[in-house]
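First up is the structure itself, then whatever we jot down about it.
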Amino acid sequence: MTEIARKVCMLGDFGVGKTSLVARYVRNTFSDKYLTTVGVKVDSRQLQLADGAGLKLVIWDIAGKSVIDGANQSYLRGASGLILVADGTREASLRAALGLLMQARELLPDPACVLLVNKLDLIERWEVAPATLAEIRRSLPVFETSALSGDGVEAAFAALGEALRP
Amino acid sequence: MNRFPAAVDSYLDQTLRARARPLLLSFDADWNLVEVRGDTAANGLAGEDARGLVQQLQDLFLGLPLDQSQDLPFVELSDGRHAHVHLIPDGENFHLLLLDARDEHRQTQVQQQMGNEAVLAGIEKSRTLARLRQIKSELEQQRARLEEANALKNALFATLSHEFRTPLTSIFGYLHLLERGLEPNAGQAQALRALRRNASHLFALAENLLEYGRSESGESLLDPAQLDLAQLVADLDAMFQPLAAEKGLALLIEAGAAPPEQAWFDPVKLRQVAINLLSNALRYTPRGYVKARLEWRDQALRLDVADSGLGIDQASRARIFRPFNRGAQHGGRGAGLGLSIVKRLVERMDGRLELDSTPGQGSTFRVSLPPLRAGGLPALPEEAKRRGLSALIVDDDPDVAGLLEVLLDDLGVSTRQAGTAAAALAAVAEAEPDLVLVDVELPGLSGNAAVYQLRSQGFKGGIVTLSANATEEARRAALAAGADYYLTKPLDFAQFARVIQQAGRRD
């Protein structure tokens, strides 16, 4: 039987925790040392959907940027899903994530998307108001996540997996 | 283009190859590996097994066309090395050329890291500066308040020493002489007792004012005790009837229903509230009446003092509760402290003070005081009881959760418990309560994170955050996350009960 696989790209400003989220999801690990991603790292994880079907998520962790430039355009080709990531302690990173979504929609036909607002463990320092996310939630699945604790991470990837159901 | 000399071509070929350590994997159209050429050892393919790498490359080109040239720079391979990966179509087949990018990646990474860290540090720096500015502004405001309070206190002390303590010393001295030197008949003895009682009370009042001056934030301790309403009314009557008679005013002080035994108040402070309101009413009523009524009604002690006096115009209302406001009400004399003390004392007892007044017709002051503590807490209004409030207690400490359960049960609130943020979210999703009480310090995600998620998911019920952290910063963080109230431990039970009532009314 041919394996069903979907390419998904992590998109978001630098330092929001894209690499940490992938590490938490794929390897269940976390490091608090910030290491800038240059280029791309491809990981994958087999996922079981709610109806029991299997799906392989091929996750592209690409360098964080607030706009999609030439290099990122080539990385995005062929992607079926997007994981937009913002950092709750930096309101600007949420605007960047939404801006990236707009740009990506011009390159990809109707990609499945989820928004992860990361660093829930630092809630006392969040600049993003709950009402803002309540508003965004009307048009986009939103997950508050912590790559450090793992909260929300499984649920977010699972939701994207369901949206990518063949 | 002119060709380079053969020697240069050869040199370039050697140098670039040595640097890039090219590895070429050739595939047929179905991703079957046909041939591997190039520097296999340097690429971690010591001979036989290229399956892992092929799988990774297959993932890399998922969704991408294989009949077009592609260039994917800086791809991290499973062994942590970085390579530029090029796809080169070749008829039905295609090749993947991997060029080593370790050194280039290392240099780019260092530069990028420095750049990003500088930006992040800049963000942190401006955030810290903003915080410092805020703290500075708060400190300046606090200092201004303290200076004002200090000036007020000094003025108060000065006033007290002249207007209260000096004549009181004299009164006590002569009382002592009279009591010692006379053998009074029954009527005189009663008069002396009345004099001593009133002088003592005046002295107690003066002491209270001193305390007022000492503590800008009203930190004087409350002393709850059972209240003898009838005795208080009798004392007030005995104290003020002579003064009313002197001015030709009708004075009626009456007691309604007494509070239940378990509802306690601070009798001294309550007495001072009543004395000040009655003094004020008698002072500013040239003719007519002064009426006072004390009673237990709607789970609170009510004191209404009405007069047919001068009344207070709208513009003066805010001023009359400020200390030293002599000018605010016309036609009377005094230090201008009475109503400010009433306000301070009522607030200290968590009560409410209201004023109805029509200039030229008179004023009514209404005081409502909740019991300070009880064998019973202040009960919820009947309608809330009927509605049956429900609460979710989120605390990992079973003792605290148990205590909250008992307290809420006393207030007629049904409860469920959750020990973590995640359990709380699940419990609310299962059945939405009217109220959520959440401890900040939970294992794993904090209570604030739970509150934030509840609000961002549209939970509209009341949220009360509890914490042992009494700093303003902690309070701000809890409210910013979406809590309606922030209470610090150890809990003030009367305050807790009121907050529960208010939070339960949120729609």
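Residues are referred to by chain and number: the chain letter is A, B, ... according to the order shown in the structure tokens, the number counts from 1 in that chain, and ligands are numbered separately from 1 in the order shown.
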For chain A, which residues have at least one atom within 6 Å of chain B, if we go by only C-alpha atoms? Write them as a PyMOL selection string, please. chain A and resi 36+38-41+78+121+123-124+130-131+133-134
Could the residues in this selection be written to a file with N, CA and C atoms, as a PDB file, in the first residue's frame?
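Contents of part24.pdb, as written:
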ATOM      1  N   THR A  36      19.470  29.570  16.050  1.00  0.00           N
ATOM      2  CA  THR A  36      18.796  30.023  14.836  1.00  0.00           C
ATOM      3  C   THR A  36      18.845  28.952  13.748  1.00  0.00           C
ATOM      4  N   VAL A  38      19.084  27.846  10.033  1.00  0.00           N
ATOM      5  CA  VAL A  38      19.473  28.354   8.708  1.00  0.00           C
ATOM      6  C   VAL A  38      19.100  27.263   7.713  1.00  0.00           C
ATOM      7  N   GLY A  39      18.379  27.618   6.672  1.00  0.00           N
ATOM      8  CA  GLY A  39      17.980  26.626   5.683  1.00  0.00           C
ATOM      9  C   GLY A  39      16.755  25.856   6.140  1.00  0.00           C
ATOM     10  N   VAL A  40      16.818  24.543   5.998  1.00  0.00           N
ATOM     11  CA  VAL A  40      15.624  23.744   6.278  1.00  0.00           C
ATOM     12  C   VAL A  40      16.009  22.419   6.930  1.00  0.00           C
ATOM     13  N   LYS A  41      15.147  21.952   7.828  1.00  0.00           N
ATOM     14  CA  LYS A  41      15.303  20.606   8.360  1.00  0.00           C
ATOM     15  C   LYS A  41      13.964  19.900   8.172  1.00  0.00           C
ATOM     16  N   GLY A  78       4.947  22.776  -2.975  1.00  0.00           N
ATOM     17  CA  GLY A  78       4.486  21.416  -2.728  1.00  0.00           C
ATOM     18  C   GLY A  78       3.873  21.209  -1.355  1.00  0.00           C
ATOM     19  N   ASP A 121       3.948  28.746  28.656  1.00  0.00           N
ATOM     20  CA  ASP A 121       4.563  28.665  29.988  1.00  0.00           C
ATOM     21  C   ASP A 121       5.008  30.035  30.484  1.00  0.00           C
ATOM     22  N   ILE A 123       3.081  32.767  30.328  1.00  0.00           N
ATOM     23  CA  ILE A 123       1.817  33.508  30.182  1.00  0.00           C
ATOM     24  C   ILE A 123       1.868  34.865  30.871  1.00  0.00           C
ATOM     25  N   GLU A 124       2.603  34.973  31.972  1.00  0.00           N
ATOM     26  CA  GLU A 124       2.655  36.245  32.699  1.00  0.00           C
ATOM     27  C   GLU A 124       3.287  37.349  31.856  1.00  0.00           C
ATOM     28  N   PRO A 130      -6.302  37.724  25.246  1.00  0.00           N
ATOM     29  CA  PRO A 130      -7.183  36.590  24.944  1.00  0.00           C
ATOM     30  C   PRO A 130      -8.255  36.956  23.919  1.00  0.00           C
ATOM     31  N   ALA A 131      -8.721  38.194  23.991  1.00  0.00           N
ATOM     32  CA  ALA A 131      -9.782  38.602  23.057  1.00  0.00           C
ATOM     33  C   ALA A 131      -9.274  38.581  21.610  1.00  0.00           C
ATOM     34  N   LEU A 133      -7.120  36.474  20.310  1.00  0.00           N
ATOM     35  CA  LEU A 133      -7.151  35.093  19.822  1.00  0.00           C
ATOM     36  C   LEU A 133      -8.592  34.621  19.634  1.00  0.00           C
ATOM     37  N   ALA A 134      -9.478  35.074  20.516  1.00  0.00           N
ATOM     38  CA  ALA A 134     -10.888  34.695  20.366  1.00  0.00           C
ATOM     39  C   ALA A 134     -11.405  35.172  19.006  1.00  0.00           C
TER      40      ALA A 134
END
Set the distance at 6 Å and use only C-alpha atoms: which residues neighbour range 294-299 of chain B once local chain neighbours fewer than 4 positions away are removed? I'd like the list as a PDB file with all heavy atoms, in the first residue's frame.
ATOM      1  N   ALA B 255     -34.247  51.486  67.215  1.00  0.00           N
ATOM      2  CA  ALA B 255     -33.621  50.217  66.823  1.00  0.00           C
ATOM      3  C   ALA B 255     -34.658  49.341  66.138  1.00  0.00           C
ATOM      4  O   ALA B 255     -35.770  49.197  66.636  1.00  0.00           O
ATOM      5  CB  ALA B 255     -33.077  49.499  68.053  1.00  0.00           C
ATOM      6  N   GLY B 256     -34.296  48.779  64.994  1.00  0.00           N
ATOM      7  CA  GLY B 256     -35.166  47.796  64.326  1.00  0.00           C
ATOM      8  C   GLY B 256     -34.704  46.397  64.689  1.00  0.00           C
ATOM      9  O   GLY B 256     -34.193  46.169  65.795  1.00  0.00           O
ATOM     10  N   ALA B 257     -34.845  45.481  63.735  1.00  0.00           N
ATOM     11  CA  ALA B 257     -34.453  44.090  63.993  1.00  0.00           C
ATOM     12  C   ALA B 257     -32.963  44.009  64.319  1.00  0.00           C
ATOM     13  O   ALA B 257     -32.152  44.672  63.677  1.00  0.00           O
ATOM     14  CB  ALA B 257     -34.748  43.253  62.757  1.00  0.00           C
ATOM     15  N   ALA B 258     -32.640  43.213  65.341  1.00  0.00           N
ATOM     16  CA  ALA B 258     -31.229  43.049  65.733  1.00  0.00           C
ATOM     17  C   ALA B 258     -30.558  42.030  64.819  1.00  0.00           C
ATOM     18  O   ALA B 258     -31.223  41.125  64.295  1.00  0.00           O
ATOM     19  CB  ALA B 258     -31.145  42.595  67.183  1.00  0.00           C
ATOM     20  N   PRO B 259     -29.236  42.157  64.607  1.00  0.00           N
ATOM     21  CA  PRO B 259     -28.547  41.169  63.763  1.00  0.00           C
ATOM     22  C   PRO B 259     -28.510  39.802  64.442  1.00  0.00           C
ATOM     23  O   PRO B 259     -28.577  39.734  65.677  1.00  0.00           O
ATOM     24  CB  PRO B 259     -27.135  41.737  63.634  1.00  0.00           C
ATOM     25  CG  PRO B 259     -26.977  42.713  64.725  1.00  0.00           C
ATOM     26  CD  PRO B 259     -28.338  43.214  65.079  1.00  0.00           C
ATOM     27  N   LEU B 303     -27.689  51.628  58.967  1.00  0.00           N
ATOM     28  CA  LEU B 303     -27.829  52.807  59.820  1.00  0.00           C
ATOM     29  C   LEU B 303     -28.233  53.959  58.914  1.00  0.00           C
ATOM     30  O   LEU B 303     -27.497  54.323  57.985  1.00  0.00           O
ATOM     31  CB  LEU B 303     -26.487  53.120  60.514  1.00  0.00           C
ATOM     32  CG  LEU B 303     -26.381  54.513  61.144  1.00  0.00           C
ATOM     33  CD1 LEU B 303     -27.406  54.698  62.265  1.00  0.00           C
ATOM     34  CD2 LEU B 303     -24.973  54.755  61.676  1.00  0.00           C
TER      35      LEU B 303
END
Using only C-alpha atoms, which protein or nucleic acid residues come within 6 Å of range 89-100 of chain A? Drop anything in the same chain fewer than 2 positions from it, and give the result as a list in words.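 Non-adjacent residues within range: Gly12, Asp13, Ser66, Val67, Leu84, Ala86, Asp87, Met102, Gln103, Ala104, Arg125, Trp126, Glu127 and Val128 of chain A.
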Between CA of Tyr75 in chain A and CA of Val42 in chain A, what distance in Å does the model show, to one decimal?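 Taking CA of Tyr75 in chain A and CA of Val42 in chain A, their separation equals 10.6 Å.
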Could you pull the residues within 12 Å of Val114 in chain A, counting only C-alpha atoms, minus those fewer than 4 positions along the same chain, as an mmCIF file with C-alpha atoms, in the first residue's frame?
data_model
loop_
_atom_site.group_PDB
_atom_site.id
_atom_site.type_symbol
_atom_site.label_atom_id
_atom_site.label_comp_id
_atom_site.auth_asym_id
_atom_site.auth_seq_id
_atom_site.Cartn_x
_atom_site.Cartn_y
_atom_site.Cartn_z
ATOM 1 C CA VAL A 8 3.636 20.907 5.987
ATOM 2 C CA CYS A 9 5.757 23.999 6.582
ATOM 3 C CA MET A 10 6.426 25.787 9.837
ATOM 4 C CA LEU A 11 6.054 29.529 9.236
ATOM 5 C CA GLY A 12 6.733 32.323 11.661
ATOM 6 C CA GLY A 81 -0.412 22.493 5.144
ATOM 7 C CA LEU A 82 0.976 25.412 7.111
ATOM 8 C CA ILE A 83 1.763 25.648 10.778
ATOM 9 C CA LEU A 84 1.857 29.325 11.591
ATOM 10 C CA VAL A 85 3.718 30.049 14.782
ATOM 11 C CA ALA A 86 3.660 33.194 16.915
ATOM 12 C CA ALA A 97 2.402 35.081 11.324
ATOM 13 C CA LEU A 98 -0.840 36.429 9.898
ATOM 14 C CA LEU A 101 -0.321 33.400 5.909
ATOM 15 C CA ILE A 136 -8.777 35.056 15.148
ATOM 16 C CA ARG A 137 -10.316 31.747 16.194
ATOM 17 C CA SER A 139 -11.443 32.145 10.936
ATOM 18 C CA LEU A 140 -8.472 29.967 11.884
ATOM 19 C CA PRO A 141 -7.916 27.101 14.346
ATOM 20 C CA VAL A 142 -5.810 28.559 17.164
ATOM 21 C CA PHE A 143 -3.809 26.634 19.755
ATOM 22 C CA GLU A 144 -1.967 28.066 22.719
ATOM 23 C CA THR A 145 1.109 25.907 23.025
ATOM 24 C CA GLY A 152 -1.291 22.051 23.147
ATOM 25 C CA VAL A 153 1.360 20.669 20.750
ATOM 26 C CA ALA A 155 -3.609 18.731 19.650
ATOM 27 C CA ALA A 156 -2.392 21.349 17.184
ATOM 28 C CA PHE A 157 -0.595 18.912 14.878
ATOM 29 C CA ALA A 158 -3.489 16.461 15.148
ATOM 30 C CA ALA A 159 -5.917 19.178 14.070
ATOM 31 C CA LEU A 160 -3.781 19.951 11.037
ATOM 32 C CA GLY A 161 -3.587 16.226 10.259
ATOM 33 C CA GLU A 162 -7.385 16.017 10.292
ATOM 34 C CA ALA A 163 -7.598 18.999 7.970
ATOM 35 C CA LEU A 164 -5.205 17.223 5.584
#
Which is closer to Gly70 in chain A than all the others in A:Leu120, A:Ser31, A:Leu107, A:Tyr25, using only C-alpha atoms?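 Between A:Leu120, A:Ser31, A:Leu107, A:Tyr25, the residue approaching Gly70 in chain A most closely is A:Leu107.
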Pick from A:Asp43, A:Ile68, A:Arg165, A:Val117: nearest to Leu55 in chain A, with only C-alpha atoms counted?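 The answer is A:Arg165, which sits nearest to Leu55 in chain A.
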Could you go through range 94-128 of chain A and tell me which residues DSSP, when run on the backbone, assigns to alpha helix (DSSP H), listing them as an mmCIF file with N, CA, C and O atoms, in the first residue's frame?
data_model
loop_
_atom_site.group_PDB
_atom_site.id
_atom_site.type_symbol
_atom_site.label_atom_id
_atom_site.label_comp_id
_atom_site.auth_asym_id
_atom_site.auth_seq_id
_atom_site.Cartn_x
_atom_site.Cartn_y
_atom_site.Cartn_z
ATOM 1 N N LEU A 94 2.756 37.793 16.157
ATOM 2 C CA LEU A 94 1.423 37.335 15.733
ATOM 3 C C LEU A 94 1.037 38.037 14.421
ATOM 4 O O LEU A 94 0.541 37.408 13.485
ATOM 5 N N ARG A 95 1.320 39.324 14.382
ATOM 6 C CA ARG A 95 1.042 40.058 13.129
ATOM 7 C C ARG A 95 1.875 39.463 12.000
ATOM 8 O O ARG A 95 1.398 39.295 10.881
ATOM 9 N N ALA A 96 3.135 39.127 12.310
ATOM 10 C CA ALA A 96 4.015 38.542 11.285
ATOM 11 C C ALA A 96 3.428 37.220 10.790
ATOM 12 O O ALA A 96 3.404 36.963 9.576
ATOM 13 N N ALA A 97 2.943 36.385 11.714
ATOM 14 C CA ALA A 97 2.402 35.081 11.324
ATOM 15 C C ALA A 97 1.195 35.255 10.405
ATOM 16 O O ALA A 97 1.062 34.551 9.389
ATOM 17 N N LEU A 98 0.342 36.218 10.742
ATOM 18 C CA LEU A 98 -0.840 36.429 9.898
ATOM 19 C C LEU A 98 -0.434 36.996 8.536
ATOM 20 O O LEU A 98 -1.021 36.654 7.505
ATOM 21 N N GLY A 99 0.598 37.831 8.542
ATOM 22 C CA GLY A 99 1.122 38.367 7.278
ATOM 23 C C GLY A 99 1.698 37.255 6.417
ATOM 24 O O GLY A 99 1.481 37.223 5.187
ATOM 25 N N LEU A 100 2.421 36.333 7.041
ATOM 26 C CA LEU A 100 2.997 35.203 6.299
ATOM 27 C C LEU A 100 1.899 34.344 5.682
ATOM 28 O O LEU A 100 2.038 33.828 4.577
ATOM 29 N N LEU A 101 0.798 34.197 6.431
ATOM 30 C CA LEU A 101 -0.321 33.400 5.909
ATOM 31 C C LEU A 101 -0.857 34.033 4.618
ATOM 32 O O LEU A 101 -1.109 33.343 3.631
ATOM 33 N N MET A 102 -1.014 35.362 4.663
ATOM 34 C CA MET A 102 -1.512 36.069 3.469
ATOM 35 C C MET A 102 -0.585 35.794 2.274
ATOM 36 O O MET A 102 -1.045 35.507 1.172
ATOM 37 N N GLN A 103 0.728 35.916 2.522
ATOM 38 C CA GLN A 103 1.681 35.726 1.424
ATOM 39 C C GLN A 103 1.682 34.277 0.934
ATOM 40 O O GLN A 103 1.723 34.015 -0.265
ATOM 41 N N ALA A 104 1.598 33.347 1.880
ATOM 42 C CA ALA A 104 1.651 31.933 1.495
ATOM 43 C C ALA A 104 0.428 31.550 0.674
ATOM 44 O O ALA A 104 0.508 30.711 -0.231
ATOM 45 N N ARG A 105 -0.698 32.191 0.988
ATOM 46 C CA ARG A 105 -1.926 31.859 0.246
ATOM 47 C C ARG A 105 -1.831 32.264 -1.216
ATOM 48 O O ARG A 105 -2.598 31.777 -2.048
ATOM 49 N N GLU A 106 -0.911 33.187 -1.502
ATOM 50 C CA GLU A 106 -0.729 33.565 -2.905
ATOM 51 C C GLU A 106 0.138 32.552 -3.647
ATOM 52 O O GLU A 106 0.130 32.493 -4.872
ATOM 53 N N LEU A 107 0.887 31.770 -2.896
ATOM 54 C CA LEU A 107 1.796 30.802 -3.520
ATOM 55 C C LEU A 107 1.211 29.400 -3.563
ATOM 56 O O LEU A 107 1.571 28.595 -4.410
#
As a PyMOL selection string, please: every residue in range 253-407 of chain B that DSSP puts in strand (DSSP E or B). chain B and resi 253-255+265+289-297+300-307+352-358+362-369+390-394
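Across the model, the gap from CA of Leu25 in chain B to CA of Ala5 in chain A is 22.6 Å.
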So how many Å separate CA of Val406 in chain B and CA of Ile393 in chain B, to one decimal?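 Going from CA of Val406 in chain B over to CA of Ile393 in chain B covers 11.3 Å.
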Please determine, counting only C-alpha atoms, which residue among A:Leu108, A:Gln73, A:Ser149, A:Ile4 has the shortest atom-to-atom distance to Leu49 in chain A.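 Checking each candidate against Leu49 in chain A, we get A:Ile4 as the closest.
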For Leu21 in chain A, please output as a ChimeraX atom specification all residues within 9 Å (counting only C-alpha atoms; exclusion window: fewer than 3 positions along the same chain). /A:17-18,24-26,30,118,145-148,150,153
Convert the current residue selection to file output with C-alpha atoms, as a PDB file, in the first residue's frame.
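The resulting file, again_28.pdb, is reproduced below:
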ATOM      1  CA  GLY A  17       9.819  28.376  18.780  1.00  0.00           C
ATOM      2  CA  LYS A  18       9.229  26.589  15.455  1.00  0.00           C
ATOM      3  CA  ARG A  24       8.605  18.388  20.962  1.00  0.00           C
ATOM      4  CA  TYR A  25       6.223  16.855  18.436  1.00  0.00           C
ATOM      5  CA  VAL A  26       8.624  14.538  16.621  1.00  0.00           C
ATOM      6  CA  PHE A  30      13.070  20.384  24.483  1.00  0.00           C
ATOM      7  CA  ASN A 118       3.643  29.493  21.631  1.00  0.00           C
ATOM      8  CA  THR A 145       1.109  25.907  23.025  1.00  0.00           C
ATOM      9  CA  SER A 146       4.197  25.415  25.098  1.00  0.00           C
ATOM     10  CA  ALA A 147       7.077  23.577  23.454  1.00  0.00           C
ATOM     11  CA  LEU A 148       8.652  23.511  26.909  1.00  0.00           C
ATOM     12  CA  GLY A 150       4.260  20.132  25.504  1.00  0.00           C
ATOM     13  CA  VAL A 153       1.360  20.669  20.750  1.00  0.00           C
TER      14      VAL A 153
END
